[in-house]
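Each remark here refers to the structure printed beneath this line.
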Amino acid sequence: MNQQKSFYPNRPNDPKAVYFTPENFPVSGDGTADDTKALQLAIKEAKDKMGYGIVFIPEGRYRISETIYVPKAVRLIGFGEQRPLIFLEKDSPEFQTANPEDKGRANYMFWFTDTLPQPEEEIEDANPGTFYSAMSNINLKIEEGNPTAVALRTHYAQHSFISHVDIDIGDGKAGIFDVGNEIENVRFFGGDYGIYTTKTSPGWPFMMIDTYFEGQKKAAIKTQEAGLTIVRMNVKNTPQVIEINPNFYEKLIMKDCQFENIKKSAIIVSNKDNALTQINLRNLDCQQVPKLISYRQSDKVIKGKGTFYKVKSLTHGNQMDNLDDRPRVKTTKKLETLNSLPAPAKRDIPDLPPMKTWANLKELGAKGDGSTDDTKIIKEAIENHSTIYLPQGRYRVSETIELKPNTNLIGLNPISTQILITDNTESFGGFDKPKPLLKTPQGGENIVSGIAIDTGGRNPRAVGCKWMAGSDSYMNDVKFIGGHGNIKADGSHAPMYNESRTGDINPDRRWDSQYWSLWITDGGGGIFKDIWTASPYASAGIYVSDTSTKGCIYAMSVEHHVRNEVKFKNVSNWEVFALQLEEEAAESWNCQPLEIDNCNNMLFANLYFFRTIWVENPYPYAIKNWDSKNIEFLNIHNYAQVKYTINNTLLDVNTKKEVRPWQLARLYITDKESSKNKSNTKIEKLATGFEFIDGICSDSKGNIYFVDSRWKKIYKWSVESDSLSLVSDIHFKPLSLACDKEDNLLVVVEYFPPEGATINGEPEVYPKPEDAQGTSFGEWYNTGSTTKVYSIDPQHPEESMEVLKVVDMDSVEEVHKALHPANRWRDSNDYLNITVKKPEECYIAPDGVTIIPICYDLIRANSLLEAYPGQKFYGVDEYYKRTILFDVTSKGYLSNPRPFVEKGEYNLAIDDNSNVYIADGDIYVYNEDSELLDEIIIPERPATITFGGQDGETLYITARSSLYRVNNL
């Protein structure tokens with residue numbers, strides 16, 4: 001393996017950094033002495049010193065024999081003419097046997113954690129709150145005789161990465177287990193795998209740029225749900241490139257890659273027909289790759305096209321070729337024969353200027369103490385130097401910092417290197433046009449890397465950065481401070497919410513009171529990589545306007561704004577990879593994630609929309625588009641652990657076209673779409689004006705009941721009078737409804753015991769049950785609530801209210817029907833196991849023969865479905881958007897689960913002919929043999945459905961704001 005050049009050949013001078021040298025630590029660096037304890041001591045010193053920071057490791061050979069732990073916001077950076085090499089010595093005792101209790105069944109050279117583990121303390125793995133951790137410019141090697149060794153465990157979140165690292169795995173297990181955020185210029189040699197991984201800890205897509213894999217025994221990458229976003233990956237001499245684990249999905253993007261000598265299928269795909277499985281290949285060159293893709297659940301194989309061939313494009317998954325198209329799971333491909341293997345695609349990431357040209361800002365007189373005004377020093381540095389290195393510090397300014405066309409600003413950790421303005425900085429105040437803290441010139445070739453930009457919370461004219469630099473410019477590893485992810489100067493946590501989590505920690509700071517954080521405009525373009533913009537004070541995280549200059553985004557996280565996350569207006573020729581958007585309950589419950597206005601020739605690849613578990617309201621559209629064309633979306637993931645996800649993926653405003661599917665491998669906007677919408681004369685709107693109605697059920701007379709749960713209301717649609725009435729608004733939040741054999745209405749509610757409440761003198765608390773594990777809803781949702789069930793006579797609800805008793809399941813002698821959750825959100829992929837687990841207790845209805853088996857998933861389900869002993873039962877695996885068929889035992893337990901169709905959302909209904917009606921964006925009708933019979937187009941997205949009416953054959957639909965019925969099916 002050839003040696004790559006050192007990315008940092010010179011020693012950066014940073015008074016706040018820790019230097020791993022013999023003057024400071026008992027380290028040899030000659031490859032003979034064991035440097036394990038010394039390196040761990042250096043990392044601890046960096047953490048203790050500021051709570052975050054940098055450990056600089058000079059060129060040398062460092063032998064270790066035990067796991068090194070790297071906590072949140074600490075970075076290990078090598079320097080010297082040659083990269084430092086850290087190697088695991090031969091036959092290290094701790095790396096001989098797999099650990100069956102460990103998630104990765106392995107042992108690790110470096111384990112990125114949230115905190116530094118203390119002796120005998122359980123290790124706290126890196127998690128969605130682990131930010132700013134990194135390793136760069138350090139090579140790693142696993143010597144022989146360490147079969148369970150993995151070089152890196154990296155389950156961290158934003159602004160964490162591995163870059164400029166070669167990993168010689170040898171006969172070890174892998175280079176990386178559990179990926180996070182981003183890797184760049186990492187090479188993997190040998191091992192069973194280069195990478196094996198589950199989904200990232202926050203669930204965002206994972207960005208890989210300029211990577212190389214060679215000689216793995218099993219596969220370059222073994223994966224599930226990681227959102228692999230891969231640009232310029234070269235793979236040689238391995239049986240498989242991407243192996244997706246059985247029964248899991250992957251959202252895979254590969255662009256400008258090369259495969260050579262792949263013995264088996266290059267890509268192994270699971271869950272072929274599931275909407276969450278999304279595969280997109282673009283400009284992929286192959287040599288001796290006879291099988292491009294194999295599907296686990298079928299014999300289908302996509303073969304290559306000769307010894308040399310190019311995959312110009314391949315898409316597998318749920319696709320819409322235009323806004324008038326119906327979504328269909330399919331495979332489309334364009335392969336062409338080549339005469340030879342082309343040269344690898346060129347890197348588009350600029351190199352940093354030579355370190356010998358870096359001017360040290362503190363050596364030029366800047367204080368970086370957060371209080372001294374460093375404006376004059378910074379402006380003088382820009383006037384006299386092209387590349388300015390900012391050692392760790394907080395550099396306060398009071399005026400716009402305007403760069404020259406060739407000015408570069410280089411930091412090495414954005415949480416510890418910040419440029420900021422304090423609140424009420426006069427030149428950024430008042431009522432006037434936008435004023436940027438940092439500004440680049442039109443057409444500039446600027447580089448800004450490894451710093452944070454903080455515009456405070458009381459500067460109404462402030463823009464974080466106005467970027468007008470050209471296509472050769474580069475912004476990397478930049479954090480726009482504000483809201484989530486901040487750390488105080490002393491290293492302690494910086495809370496952002498008040499105690500009730502309803503407003504800012506500082507009531508004098510108003511959300512949505514400043515201009516945008518990152519404004520790219522007036523011909524601005526270039527590369528933007530590893531950016532996190534989450535300030536609720538800004539009116540948007542990123543606003544791109546009025547540019548046709550080529551631009552590319554790699555790995556951007558935009559979150560927690562009040563009205564807009566991302567805006568593109570009058571933009572063309574941009575590509576956006578691994579863009580993740582998140583809305584929070586307090587500040588962004590009514591925020592539009594993405595707006596595209598009058599744009600052309602744009603690509604969005606691995607685009608993730610997410611609403612957190614505390615959001616309690618629906619939102620209509622993830623994307624709003626005006627008058628745009630040639631916009632391609634590859635791999636859209638629109639999701640939430642709660643039922644209040646974003647109702648529809650896209651609204652094309654002028655044609656009024658809605659895109660309903662939450663999961664799409666490809667969506668294309670052509671500008672040829674019709675403004676006409678299909679109408680269905682069978683659909684009748686009965687009532688409207690609701691927020692989000694679901695929980696539907698019917699009684700023996702065909703009357704319909706449903707809930708608007710956030711408003712704690714239960715409604716009835718009477719088939720006798722053909723009218724709507726309010727049954728109840730009892731203050732317990734209704735979740736789902738059902739009727740027993742005597743038409744008593746059963747109401748499942750969420751119950752919060754008051755703080756300090758007691759029962760029989762003991763605290764009234766409800767610990768999470770065992771089956772809450774396996775779902776992030778159970779892990780993160782409020783721990784104080786539980787489910788209760790009461791029954792009412794709908795004619796006299798308050799007077800007849802009766803709390804259902806909890807009894808042992810075995811004590812129920814006769815079960816007429818069991819009521820199970822229609823849908824379950826189980827994002828650990830344990831749906832098939834948890835549904836057949838036999839609950840020990842149940843609620844028993846007043847009729848004595850209707851039961852509700854007690855399970856945690858009742859608190860998440862949108863409705864209940866009836867399971868009759870000896871008959872079939874259909875339930876929805878909501879996380880995987882599929883419907884599962886069960887048998888029902890005499891006691892009402894579910895058994896023998898097997899897939900029915902790869903459709904499903906919240907619930908379904910069965911007609912008298914045993915046809916299955918599944919609500920999934922619209923309504924899809926299947927016969928018992930899983931054959932699609934019909935598609936019923938609904939005016940708005942259906943939530944729950946049931947049959948009712950006087951004949952029992954009319955389909956009723958709760959569709960967010962309205963109640964519908966379908967006549968004459």
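Identifiers for the structure tokens are assigned positionally: chains receive A, B, ... in sequence, residues are indexed from 1 per chain, and ligands are indexed from 1 in the order shown.
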Helix (DSSP H, G or I) residues, from DSSP on the backbone, in segment 253-385 of chain A, as a ChimeraX atom specification = /A:355-357,375-384
Spatial neighbours of segment 30-32 of chain A, 10 Å, only C-alpha atoms, chain gap at least 4 places, as a PyMOL selection string | chain A and resi 59-64+85-87+89
Which residues come within 6 Å of segment 9-16 of chain A, counting only C-alpha atoms, excluding same-chain residues fewer than 3 positions away, as a count of residues only?
-> 5
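Between atom CA of Pro119 of chain A and atom CA of Pro71 of chain A lies a distance of 15.0 Å.
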What lies within 9 Å of Thr197 of chain A using only C-alpha atoms, ignoring chain neighbours under 4 positions off, as an NGL selection string?
-> :A and (104 or 176-179 or 221-226)
Generate a file of the selected residues that holds N, CA and C atoms, formatted as a tab-separated table (two decimals), in the first residue's frame.
chain	number	residue	atom	x	y	z
A	104	GLY	N	-21.29	-4.59	18.36
A	104	GLY	CA	-20.55	-4.96	17.16
A	104	GLY	C	-19.85	-6.29	17.24
A	176	ILE	N	-14.05	0.14	10.38
A	176	ILE	CA	-15.00	0.97	11.13
A	176	ILE	C	-16.23	0.15	11.44
A	177	PHE	N	-16.72	0.27	12.67
A	177	PHE	CA	-18.04	-0.23	13.03
A	177	PHE	C	-18.91	0.95	13.44
A	178	ASP	N	-20.15	0.95	12.93
A	178	ASP	CA	-21.15	1.98	13.24
A	178	ASP	C	-20.67	3.37	12.83
A	179	VAL	N	-21.09	3.75	11.64
A	179	VAL	CA	-20.64	5.01	11.06
A	179	VAL	C	-21.40	6.19	11.65
A	221	ILE	N	-18.40	-3.09	2.40
A	221	ILE	CA	-19.31	-2.50	3.39
A	221	ILE	C	-20.46	-3.48	3.64
A	222	LYS	N	-20.73	-3.74	4.90
A	222	LYS	CA	-21.90	-4.51	5.34
A	222	LYS	C	-22.78	-3.53	6.10
A	223	THR	N	-24.06	-3.42	5.72
A	223	THR	CA	-24.82	-2.27	6.20
A	223	THR	C	-26.29	-2.57	6.41
A	224	GLN	N	-26.91	-1.69	7.18
A	224	GLN	CA	-28.37	-1.62	7.29
A	224	GLN	C	-28.75	-0.22	7.71
A	225	GLU	N	-29.62	0.42	6.95
A	225	GLU	CA	-30.27	1.69	7.31
A	225	GLU	C	-29.30	2.84	7.51
A	226	ALA	N	-28.11	2.78	6.96
A	226	ALA	CA	-27.11	3.82	7.22
A	226	ALA	C	-27.26	5.04	6.32
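Distances to Pro436 of chain A were evaluated for A:Gln514, A:Asn424, A:Asn406, A:Ser545 using only C-alpha atoms, and the minimum falls at A:Gln514.
What separates atom CA of Gln118 of chain A from atom CA of Gly491 of chain A is a distance of 18.6 Å.
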